[in-house]
Amino acid sequence: MIGNGNISEDNRWQTLRLLNGIRMALAIVLITLSALSVNSGSDKNGTLLALLAGLFALHGLISARQLRLRSPAINRQIRVQLSVDFGLLLVLVFLGNTDSNYASLLFVPTVAGSLLLKEMKAYTFAALSSLALLAIETERVWLSGIEHGHYSQAGMLGVVFFSIAVIGRMISSRLAASQTQLEQTDINLANLEAASSLVIQNLDSGVVVIDGDNRIRLINSAAVQMLNVNLPVHGRPARDSAPLLSEQIALWKMDQRRQIPSFTSNGRDLVPRFVPVGQMGRSGILVFLDDAEQLSTEAQQNKLASLGQLTASIAHEIRNPLSAISHASQLLAESPTLDEADVHLTEIIKEQVVRVDSVISSVLKLSRREKPQPVIVKLAPWLEQFRSCFILEHQLQISDFEIESNNTDAEVRMDESQLDQIVSNLCKNALHYSQQNNAAAPLVSVHFSYDAKASCWYLDVSDRGPGIPEAIQTDIFVPFFTTRHEGTGLGLYLARSLCETNGARLVLNDSHSGGTTFRVIFTSPLH
């Protein structure tokens, strides 16, 4: 942490290590000087100089161990080490004079103190060094009988000591401020990176970041599922983790202006989009992957939304003349002068009027669809109630509508009225094709169960019809596609749209000559 204008704790430890290195170097220099003094016989204090060198070396070794263990605490180590250094240097200066080169060594604890100590304590060793030099000169004048001491030189050194302390303190404050700003910048970048990663991970589209060496640097969960890759993939070559994507990237790099076609991965048609990072993508590529089916569905929904708005605006104008046509055909049919052929024509008019009105009603349901209000629905009692209403409406026997399940605790989260529309559309289709195939009871079968692998409930609606030809199975959810003369082609599309609005899915689960099964896959009621 940084406080009171001081450098961070890590930097203080580093500064202490540097100081200890200087300490050990000084010990080596003093040992060398003492050896030279003893050999030349020119220095009476050679033995004491050697002793000081040994003390510096011992102090350095003890400090090195404490620095490695980071024990005791840093503030205590700073105080102890600088105090010992100052004491030993003071003895060294006393051996020489204030005019000797030894006096300049007091700059070491002065500079270190200005960097490592807080607030006014940073000037402690500058003050002590200045006072010590003055005391040494006073001792020389009073006790040694020297007439003129070097007070001016001691005073100048004191001024330099304080100047260096001030400069050191300013440097320490600047470093502390810079480090605080860098730490805050790192925090902001980390927060921004976390937010960006969260956004990317929650995108419905797959996102893959490839660096300049074709290695995967980021991939979101949607892309993991689309490409069926095995985690972890960070830093691995794209050709190893996602070979199909790597092939598409190679094609794109050959000509970035061309439209890369969709490719199939994990049973899904994927549409890739490439965004180069840097010139010609040399710094990397940002890859977006979209499900082709989902894009087609969204385009179809936009088309239907526009159609719904148009229909809603003209529905009233259509229904007024339509109502008049229907009423006129009824009156015409009651005329006693009509022959049998003309009566048949009026029946055709009435049937087509009903069909047009049904188309308008279905499209209006799409355009006016309200936001769902999901509630927890208990499937077993809800289906029992639905069956009672359905067989009454269509004048069926209870044996014509079969409900299969061995679980009475099933719960799903859906808008109840929209669930009624979905199941009603599916059951009406099942009833129609079973009756058309002259099937025996049950004509409609509903089965619900729990898929442990997918962790969700599903509901199957089956008929005993002739089945759906494979050639048209991909078109049955397309709006206005129908094989029935009286159909609108919107029933299955409306059912699927309502499912998607509630977070569920409607799929064709099975179809053969013995019947067809549509499956509604629900999301968990907890989501």
# chains A, B, ... in the order shown; residues from 1 in each chain; ligands from 1

call {"tool": "residues_around", "arguments": {"residues": "segment 73-83 of chain A", "least_positions_apart": "5", "cutoff": "12 Å", "atoms": "only C-alpha atoms", "output": "compact mmCIF listing (two decimals) with all heavy atoms, in the first residue's frame"}}
result
# COMPACT_ATOMS: atom_id res chain seq x y z
N SER A 8 5.71 2.35 -2.49
CA SER A 8 5.00 1.16 -2.03
C SER A 8 5.92 0.26 -1.21
O SER A 8 7.14 0.39 -1.22
CB SER A 8 4.46 0.39 -3.23
OG SER A 8 5.53 -0.15 -3.97
N GLU A 9 5.29 -0.67 -0.49
CA GLU A 9 6.05 -1.55 0.38
C GLU A 9 7.03 -2.41 -0.40
O GLU A 9 8.16 -2.65 0.03
CB GLU A 9 5.09 -2.42 1.19
CG GLU A 9 5.79 -3.28 2.23
CD GLU A 9 4.82 -3.89 3.22
OE1 GLU A 9 3.93 -3.17 3.71
OE2 GLU A 9 4.96 -5.09 3.50
N ASP A 10 6.60 -2.91 -1.57
CA ASP A 10 7.50 -3.73 -2.40
C ASP A 10 8.73 -2.93 -2.81
O ASP A 10 9.87 -3.45 -2.80
CB ASP A 10 6.77 -4.23 -3.64
CG ASP A 10 5.79 -5.36 -3.32
OD1 ASP A 10 5.97 -6.00 -2.26
OD2 ASP A 10 4.87 -5.59 -4.11
N ASN A 11 8.51 -1.66 -3.18
CA ASN A 11 9.65 -0.82 -3.56
C ASN A 11 10.55 -0.51 -2.36
O ASN A 11 11.77 -0.35 -2.51
CB ASN A 11 9.16 0.48 -4.18
CG ASN A 11 8.65 0.29 -5.60
OD1 ASN A 11 8.98 -0.70 -6.24
ND2 ASN A 11 7.82 1.21 -6.07
N ARG A 12 9.95 -0.44 -1.17
CA ARG A 12 10.78 -0.20 0.04
C ARG A 12 11.66 -1.41 0.32
O ARG A 12 12.83 -1.27 0.70
CB ARG A 12 9.86 0.09 1.23
CG ARG A 12 9.07 1.38 1.06
CD ARG A 12 8.06 1.55 2.18
NE ARG A 12 8.69 2.08 3.38
CZ ARG A 12 8.11 2.09 4.59
NH1 ARG A 12 6.91 1.54 4.74
NH2 ARG A 12 8.72 2.60 5.62
N TRP A 13 11.10 -2.62 0.11
CA TRP A 13 11.94 -3.82 0.27
C TRP A 13 13.08 -3.81 -0.75
O TRP A 13 14.22 -4.16 -0.42
CB TRP A 13 11.09 -5.08 0.09
CG TRP A 13 10.21 -5.42 1.27
CD1 TRP A 13 8.86 -5.38 1.31
CD2 TRP A 13 10.64 -5.87 2.56
NE1 TRP A 13 8.39 -5.76 2.54
CE2 TRP A 13 9.49 -6.08 3.34
CE3 TRP A 13 11.89 -6.12 3.13
CZ2 TRP A 13 9.53 -6.53 4.65
CZ3 TRP A 13 11.95 -6.57 4.45
CH2 TRP A 13 10.78 -6.77 5.20
N GLN A 14 12.78 -3.43 -1.98
CA GLN A 14 13.82 -3.39 -3.01
C GLN A 14 14.89 -2.36 -2.67
O GLN A 14 16.09 -2.59 -2.89
CB GLN A 14 13.19 -3.08 -4.37
CG GLN A 14 12.30 -4.19 -4.90
CD GLN A 14 11.61 -3.81 -6.20
OE1 GLN A 14 11.89 -2.76 -6.77
NE2 GLN A 14 10.71 -4.67 -6.68
N THR A 15 14.46 -1.23 -2.14
CA THR A 15 15.44 -0.19 -1.75
C THR A 15 16.35 -0.68 -0.63
O THR A 15 17.56 -0.42 -0.62
CB THR A 15 14.69 1.09 -1.31
OG1 THR A 15 13.83 1.52 -2.36
CG2 THR A 15 15.67 2.20 -0.97
N LEU A 16 15.76 -1.43 0.33
CA LEU A 16 16.58 -1.99 1.41
C LEU A 16 17.59 -3.00 0.87
O LEU A 16 18.73 -3.06 1.36
CB LEU A 16 15.67 -2.66 2.44
CG LEU A 16 15.08 -1.76 3.53
CD1 LEU A 16 14.26 -2.59 4.51
CD2 LEU A 16 16.18 -1.01 4.29
N ARG A 17 17.19 -3.78 -0.13
CA ARG A 17 18.13 -4.74 -0.72
C ARG A 17 19.27 -4.00 -1.42
O ARG A 17 20.44 -4.42 -1.35
CB ARG A 17 17.40 -5.65 -1.70
CG ARG A 17 16.40 -6.59 -1.04
CD ARG A 17 15.89 -7.62 -2.04
NE ARG A 17 14.82 -8.42 -1.46
CZ ARG A 17 13.53 -8.16 -1.58
NH1 ARG A 17 13.13 -7.11 -2.30
NH2 ARG A 17 12.62 -8.93 -1.01
N LEU A 19 20.35 -1.03 -0.63
CA LEU A 19 21.17 -0.46 0.45
C LEU A 19 22.10 -1.52 1.02
O LEU A 19 23.27 -1.23 1.34
CB LEU A 19 20.25 0.11 1.55
CG LEU A 19 20.95 0.68 2.79
CD1 LEU A 19 21.82 1.86 2.41
CD2 LEU A 19 19.92 1.10 3.83
N ASN A 20 21.59 -2.73 1.16
CA ASN A 20 22.43 -3.80 1.69
C ASN A 20 23.56 -4.15 0.72
O ASN A 20 24.68 -4.49 1.14
CB ASN A 20 21.58 -5.04 1.98
CG ASN A 20 22.29 -6.02 2.90
OD1 ASN A 20 22.78 -5.63 3.96
ND2 ASN A 20 22.35 -7.28 2.50
N ARG A 23 26.12 -1.64 1.26
CA ARG A 23 26.76 -1.94 2.55
C ARG A 23 27.86 -2.99 2.38
O ARG A 23 28.97 -2.86 2.90
CB ARG A 23 25.69 -2.40 3.53
CG ARG A 23 26.17 -2.62 4.95
CD ARG A 23 25.00 -3.09 5.80
NE ARG A 23 23.96 -2.09 5.86
CZ ARG A 23 22.68 -2.32 5.57
NH1 ARG A 23 22.30 -3.52 5.18
NH2 ARG A 23 21.79 -1.36 5.65
N PHE A 56 30.62 -4.02 9.21
CA PHE A 56 29.75 -3.76 8.04
C PHE A 56 29.36 -5.07 7.35
O PHE A 56 28.21 -5.27 6.95
CB PHE A 56 30.47 -2.83 7.05
CG PHE A 56 30.17 -1.38 7.25
CD1 PHE A 56 31.16 -0.49 7.68
CD2 PHE A 56 28.88 -0.89 7.04
CE1 PHE A 56 30.88 0.85 7.87
CE2 PHE A 56 28.61 0.45 7.23
CZ PHE A 56 29.59 1.32 7.65
N LEU A 58 29.32 -8.14 8.69
CA LEU A 58 28.40 -8.89 9.56
C LEU A 58 27.00 -8.29 9.51
O LEU A 58 25.99 -9.02 9.41
CB LEU A 58 28.94 -8.88 10.99
CG LEU A 58 28.06 -9.60 12.03
CD1 LEU A 58 27.94 -11.08 11.68
CD2 LEU A 58 28.66 -9.41 13.44
N HIS A 59 26.94 -6.96 9.56
CA HIS A 59 25.63 -6.27 9.47
C HIS A 59 24.94 -6.59 8.13
O HIS A 59 23.72 -6.81 8.08
CB HIS A 59 25.87 -4.77 9.62
CG HIS A 59 24.63 -3.94 9.53
ND1 HIS A 59 23.40 -4.34 10.04
CD2 HIS A 59 24.41 -2.71 8.97
CE1 HIS A 59 22.49 -3.41 9.81
NE2 HIS A 59 23.09 -2.40 9.16
N GLY A 60 25.76 -6.64 7.07
CA GLY A 60 25.19 -6.94 5.75
C GLY A 60 24.63 -8.36 5.68
O GLY A 60 23.57 -8.60 5.10
N LEU A 61 25.36 -9.32 6.27
CA LEU A 61 24.90 -10.72 6.23
C LEU A 61 23.62 -10.90 7.04
O LEU A 61 22.68 -11.60 6.60
CB LEU A 61 26.00 -11.64 6.78
CG LEU A 61 27.27 -11.75 5.92
CD1 LEU A 61 28.34 -12.57 6.62
CD2 LEU A 61 26.94 -12.37 4.56
N ILE A 62 23.57 -10.29 8.22
CA ILE A 62 22.36 -10.39 9.05
C ILE A 62 21.17 -9.73 8.34
O ILE A 62 20.06 -10.27 8.31
CB ILE A 62 22.60 -9.73 10.43
CG1 ILE A 62 23.65 -10.52 11.22
CG2 ILE A 62 21.29 -9.65 11.22
CD1 ILE A 62 24.08 -9.87 12.51
N SER A 63 21.43 -8.57 7.74
CA SER A 63 20.35 -7.85 7.03
C SER A 63 19.86 -8.66 5.83
O SER A 63 18.66 -8.67 5.53
CB SER A 63 20.84 -6.48 6.57
OG SER A 63 21.20 -5.69 7.69
N ALA A 64 20.80 -9.32 5.12
CA ALA A 64 20.42 -10.12 3.95
C ALA A 64 19.45 -11.23 4.36
O ALA A 64 18.46 -11.51 3.66
CB ALA A 64 21.66 -10.70 3.28
N ARG A 65 19.74 -11.89 5.49
CA ARG A 65 18.85 -12.97 5.96
C ARG A 65 17.48 -12.41 6.35
O ARG A 65 16.43 -12.98 6.02
CB ARG A 65 19.48 -13.68 7.16
CG ARG A 65 18.67 -14.86 7.67
CD ARG A 65 19.39 -15.60 8.78
NE ARG A 65 18.65 -16.77 9.21
CZ ARG A 65 17.62 -16.75 10.05
NH1 ARG A 65 17.22 -15.58 10.56
NH2 ARG A 65 16.99 -17.87 10.39
N GLN A 66 17.46 -11.28 7.05
CA GLN A 66 16.19 -10.68 7.45
C GLN A 66 15.38 -10.21 6.24
O GLN A 66 14.16 -10.33 6.22
CB GLN A 66 16.45 -9.51 8.39
CG GLN A 66 17.00 -9.92 9.75
CD GLN A 66 17.32 -8.73 10.63
OE1 GLN A 66 17.49 -7.60 10.15
NE2 GLN A 66 17.40 -8.97 11.93
N LEU A 67 16.09 -9.70 5.24
CA LEU A 67 15.39 -9.27 4.02
C LEU A 67 14.80 -10.46 3.27
O LEU A 67 13.71 -10.36 2.68
CB LEU A 67 16.35 -8.49 3.12
CG LEU A 67 16.74 -7.10 3.61
CD1 LEU A 67 17.87 -6.53 2.76
CD2 LEU A 67 15.55 -6.16 3.59
N ARG A 68 15.52 -11.57 3.27
CA ARG A 68 15.02 -12.75 2.58
C ARG A 68 13.77 -13.29 3.28
O ARG A 68 12.80 -13.71 2.63
CB ARG A 68 16.11 -13.82 2.53
CG ARG A 68 15.69 -15.04 1.71
CD ARG A 68 16.81 -16.05 1.56
NE ARG A 68 17.15 -16.67 2.83
CZ ARG A 68 18.24 -16.40 3.54
NH1 ARG A 68 19.12 -15.50 3.09
NH2 ARG A 68 18.50 -17.00 4.68
N LEU A 88 28.09 3.22 12.48
CA LEU A 88 29.38 2.75 11.97
C LEU A 88 30.04 3.80 11.10
O LEU A 88 31.27 4.01 11.18
CB LEU A 88 29.16 1.46 11.16
CG LEU A 88 28.71 0.22 11.97
CD1 LEU A 88 28.43 -0.95 11.04
CD2 LEU A 88 29.76 -0.16 13.00
N LEU A 89 29.25 4.49 10.26
CA LEU A 89 29.82 5.55 9.42
C LEU A 89 30.32 6.72 10.27
O LEU A 89 31.32 7.37 9.92
CB LEU A 89 28.77 6.03 8.41
CG LEU A 89 28.44 5.05 7.29
CD1 LEU A 89 27.26 5.57 6.46
CD2 LEU A 89 29.66 4.83 6.38
N LEU A 90 29.61 6.98 11.35
CA LEU A 90 30.04 8.07 12.23
C LEU A 90 31.41 7.78 12.84
O LEU A 90 32.28 8.67 12.94
CB LEU A 90 29.00 8.28 13.33
CG LEU A 90 29.04 9.63 14.06
CD1 LEU A 90 28.83 10.77 13.06
CD2 LEU A 90 27.97 9.67 15.13
N LEU A 106 28.21 9.65 4.70
CA LEU A 106 26.96 9.90 5.43
C LEU A 106 25.80 10.22 4.50
O LEU A 106 24.64 10.25 4.93
CB LEU A 106 27.17 11.06 6.42
CG LEU A 106 28.08 10.76 7.61
CD1 LEU A 106 28.32 12.02 8.43
CD2 LEU A 106 27.48 9.66 8.48
N PHE A 107 26.10 10.43 3.21
CA PHE A 107 25.01 10.61 2.24
C PHE A 107 24.15 9.33 2.10
O PHE A 107 22.97 9.40 1.78
CB PHE A 107 25.59 10.97 0.85
CG PHE A 107 26.07 12.38 0.76
CD1 PHE A 107 27.40 12.67 0.48
CD2 PHE A 107 25.17 13.43 0.95
CE1 PHE A 107 27.84 13.98 0.39
CE2 PHE A 107 25.62 14.74 0.85
CZ PHE A 107 26.95 15.02 0.58
N VAL A 108 24.76 8.16 2.37
CA VAL A 108 24.04 6.89 2.17
C VAL A 108 22.82 6.80 3.09
O VAL A 108 21.69 6.62 2.61
CB VAL A 108 24.99 5.69 2.36
CG1 VAL A 108 24.20 4.37 2.28
CG2 VAL A 108 26.09 5.71 1.30
N PRO A 109 22.97 6.92 4.45
CA PRO A 109 21.77 6.86 5.29
C PRO A 109 20.86 8.07 5.09
O PRO A 109 19.64 7.96 5.28
CB PRO A 109 22.34 6.82 6.71
CG PRO A 109 23.71 7.39 6.61
CD PRO A 109 24.20 7.02 5.26
N THR A 110 21.44 9.20 4.68
CA THR A 110 20.62 10.39 4.45
C THR A 110 19.65 10.17 3.28
O THR A 110 18.44 10.42 3.38
CB THR A 110 21.50 11.61 4.16
OG1 THR A 110 22.34 11.86 5.28
CG2 THR A 110 20.64 12.84 3.89
N VAL A 111 20.21 9.67 2.15
CA VAL A 111 19.36 9.41 0.97
C VAL A 111 18.37 8.29 1.26
O VAL A 111 17.18 8.38 0.93
CB VAL A 111 20.24 9.06 -0.25
CG1 VAL A 111 19.36 8.63 -1.42
CG2 VAL A 111 21.10 10.25 -0.63
N ALA A 112 18.87 7.21 1.90
CA ALA A 112 17.98 6.09 2.20
C ALA A 112 16.84 6.51 3.12
O ALA A 112 15.68 6.13 2.93
CB ALA A 112 18.77 4.95 2.83
N GLY A 113 17.16 7.34 4.13
CA GLY A 113 16.12 7.81 5.05
C GLY A 113 15.08 8.66 4.36
O GLY A 113 13.88 8.57 4.64
N SER A 114 15.51 9.52 3.41
CA SER A 114 14.55 10.38 2.71
C SER A 114 13.60 9.57 1.83
O SER A 114 12.47 9.98 1.58
CB SER A 114 15.30 11.40 1.86
OG SER A 114 16.00 10.77 0.80
N LEU A 115 14.07 8.40 1.36
CA LEU A 115 13.23 7.57 0.52
C LEU A 115 12.34 6.62 1.31
O LEU A 115 11.21 6.31 0.91
CB LEU A 115 14.10 6.74 -0.45
CG LEU A 115 14.87 7.53 -1.51
CD1 LEU A 115 15.79 6.59 -2.29
CD2 LEU A 115 13.92 8.23 -2.48
N LEU A 116 12.85 6.14 2.45
CA LEU A 116 12.17 5.05 3.16
C LEU A 116 11.33 5.50 4.34
O LEU A 116 10.37 4.82 4.69
CB LEU A 116 13.21 4.02 3.65
CG LEU A 116 14.00 3.31 2.55
CD1 LEU A 116 15.11 2.46 3.15
CD2 LEU A 116 13.08 2.43 1.72
N LEU A 117 11.71 6.62 4.97
CA LEU A 117 10.98 7.07 6.15
C LEU A 117 9.82 7.98 5.77
O LEU A 117 9.82 8.58 4.69
CB LEU A 117 11.92 7.78 7.12
CG LEU A 117 13.04 6.90 7.71
CD1 LEU A 117 13.97 7.74 8.58
CD2 LEU A 117 12.45 5.75 8.52
N LYS A 118 8.85 8.07 6.64
CA LYS A 118 7.64 8.81 6.35
C LYS A 118 7.69 10.21 6.95
O LYS A 118 8.27 10.43 8.01
CB LYS A 118 6.42 8.06 6.91
CG LYS A 118 6.22 6.68 6.31
CD LYS A 118 5.02 6.00 6.92
CE LYS A 118 4.82 4.61 6.31
NZ LYS A 118 3.65 3.92 6.90
N LYS A 121 10.13 12.32 9.48
CA LYS A 121 11.19 11.39 9.85
C LYS A 121 12.19 11.23 8.71
O LYS A 121 13.32 10.78 8.95
CB LYS A 121 10.59 10.04 10.21
CG LYS A 121 9.72 10.06 11.46
CD LYS A 121 9.13 8.67 11.71
CE LYS A 121 8.21 8.68 12.93
NZ LYS A 121 7.61 7.35 13.17
N ALA A 122 11.79 11.57 7.50
CA ALA A 122 12.68 11.44 6.35
C ALA A 122 13.91 12.34 6.47
O ALA A 122 14.93 12.10 5.84
CB ALA A 122 11.92 11.76 5.06
N THR A 124 15.48 12.89 9.36
CA THR A 124 16.18 12.55 10.61
C THR A 124 17.68 12.41 10.40
O THR A 124 18.49 13.03 11.12
CB THR A 124 15.61 11.24 11.19
OG1 THR A 124 14.23 11.41 11.46
CG2 THR A 124 16.35 10.84 12.46
N PHE A 125 18.07 11.61 9.41
CA PHE A 125 19.51 11.35 9.24
C PHE A 125 20.24 12.52 8.61
O PHE A 125 21.45 12.66 8.78
CB PHE A 125 19.70 10.06 8.44
CG PHE A 125 19.34 8.83 9.21
CD1 PHE A 125 18.10 8.24 9.06
CD2 PHE A 125 20.23 8.29 10.12
CE1 PHE A 125 17.75 7.12 9.79
CE2 PHE A 125 19.90 7.15 10.85
CZ PHE A 125 18.65 6.57 10.69
N ALA A 126 19.54 13.39 7.91
CA ALA A 126 20.18 14.62 7.42
C ALA A 126 20.54 15.51 8.60
O ALA A 126 21.64 16.09 8.67
CB ALA A 126 19.23 15.35 6.46
N LEU A 128 20.88 14.49 11.84
CA LEU A 128 21.89 13.82 12.67
C LEU A 128 23.28 13.92 12.04
O LEU A 128 24.28 14.11 12.75
CB LEU A 128 21.50 12.35 12.86
CG LEU A 128 20.28 12.08 13.75
CD1 LEU A 128 19.96 10.59 13.76
CD2 LEU A 128 20.51 12.59 15.16
N SER A 129 23.35 13.79 10.70
CA SER A 129 24.65 13.88 10.03
C SER A 129 25.23 15.28 10.19
O SER A 129 26.45 15.44 10.45
CB SER A 129 24.50 13.54 8.55
OG SER A 129 24.05 12.21 8.39

call {"tool": "residues_around", "arguments": {"residues": "segment 252-267 of chain A", "least_positions_apart": "3", "cutoff": "10 Å", "atoms": "only C-alpha atoms", "output": "PyMOL selection string"}}
result
chain A and resi 225-229+242+244-249+270-276+280-281+289-292

call {"tool": "write_last_selection", "arguments": {"atoms": "C-alpha atoms", "output": "PDB file, in the first residue's frame"}}
result
ATOM      1  CA  GLN A 225     -20.735 -25.085 -27.932  1.00  0.00           C
ATOM      2  CA  MET A 226     -20.862 -24.163 -31.612  1.00  0.00           C
ATOM      3  CA  LEU A 227     -17.356 -25.423 -32.386  1.00  0.00           C
ATOM      4  CA  ASN A 228     -17.462 -28.302 -29.870  1.00  0.00           C
ATOM      5  CA  VAL A 229     -13.969 -27.514 -28.585  1.00  0.00           C
ATOM      6  CA  ALA A 242     -10.996 -25.637 -33.963  1.00  0.00           C
ATOM      7  CA  LEU A 244     -13.018 -26.064 -39.191  1.00  0.00           C
ATOM      8  CA  LEU A 245     -12.746 -22.458 -38.053  1.00  0.00           C
ATOM      9  CA  SER A 246      -9.057 -22.422 -38.946  1.00  0.00           C
ATOM     10  CA  GLU A 247      -9.960 -23.424 -42.512  1.00  0.00           C
ATOM     11  CA  GLN A 248     -12.452 -20.560 -42.765  1.00  0.00           C
ATOM     12  CA  ILE A 249      -9.832 -18.114 -41.471  1.00  0.00           C
ATOM     13  CA  LEU A 270     -22.578 -21.403 -38.723  1.00  0.00           C
ATOM     14  CA  VAL A 271     -22.166 -18.060 -40.482  1.00  0.00           C
ATOM     15  CA  PRO A 272     -18.705 -16.560 -39.756  1.00  0.00           C
ATOM     16  CA  ARG A 273     -17.814 -12.875 -39.731  1.00  0.00           C
ATOM     17  CA  PHE A 274     -14.191 -11.729 -39.487  1.00  0.00           C
ATOM     18  CA  VAL A 275     -12.971  -8.397 -38.148  1.00  0.00           C
ATOM     19  CA  PRO A 276      -9.211  -7.794 -38.612  1.00  0.00           C
ATOM     20  CA  MET A 280      -4.603  -6.842 -42.664  1.00  0.00           C
ATOM     21  CA  GLY A 281      -5.292  -8.690 -39.418  1.00  0.00           C
ATOM     22  CA  LEU A 289     -20.173 -16.925 -35.282  1.00  0.00           C
ATOM     23  CA  ASP A 290     -23.948 -16.925 -35.767  1.00  0.00           C
ATOM     24  CA  ASP A 291     -26.351 -19.810 -36.110  1.00  0.00           C
ATOM     25  CA  ALA A 292     -27.725 -19.718 -39.674  1.00  0.00           C
TER      26      ALA A 292
END

call {"tool": "atom_distance", "arguments": {"atom1": "atom CA of Leu49 of chain A", "atom2": "atom CA of Ala154 of chain A"}}
result
22.5 Å

call {"tool": "residues_around", "arguments": {"residues": "Gln373 of chain A", "least_positions_apart": "5", "cutoff": "9 Å", "atoms": "only C-alpha atoms", "output": "list in words"}}
result
Met414, Asp415, Glu416 and Asn502 of chain A

call {"tool": "select_by_dssp", "arguments": {"residues": "segment 320-423 of chain A", "states": "helix (DSSP H, G or I)", "output": "MDAnalysis selection string"}}
result
chainID A and resid 320:333 340:367 379:393 398:400 416:423
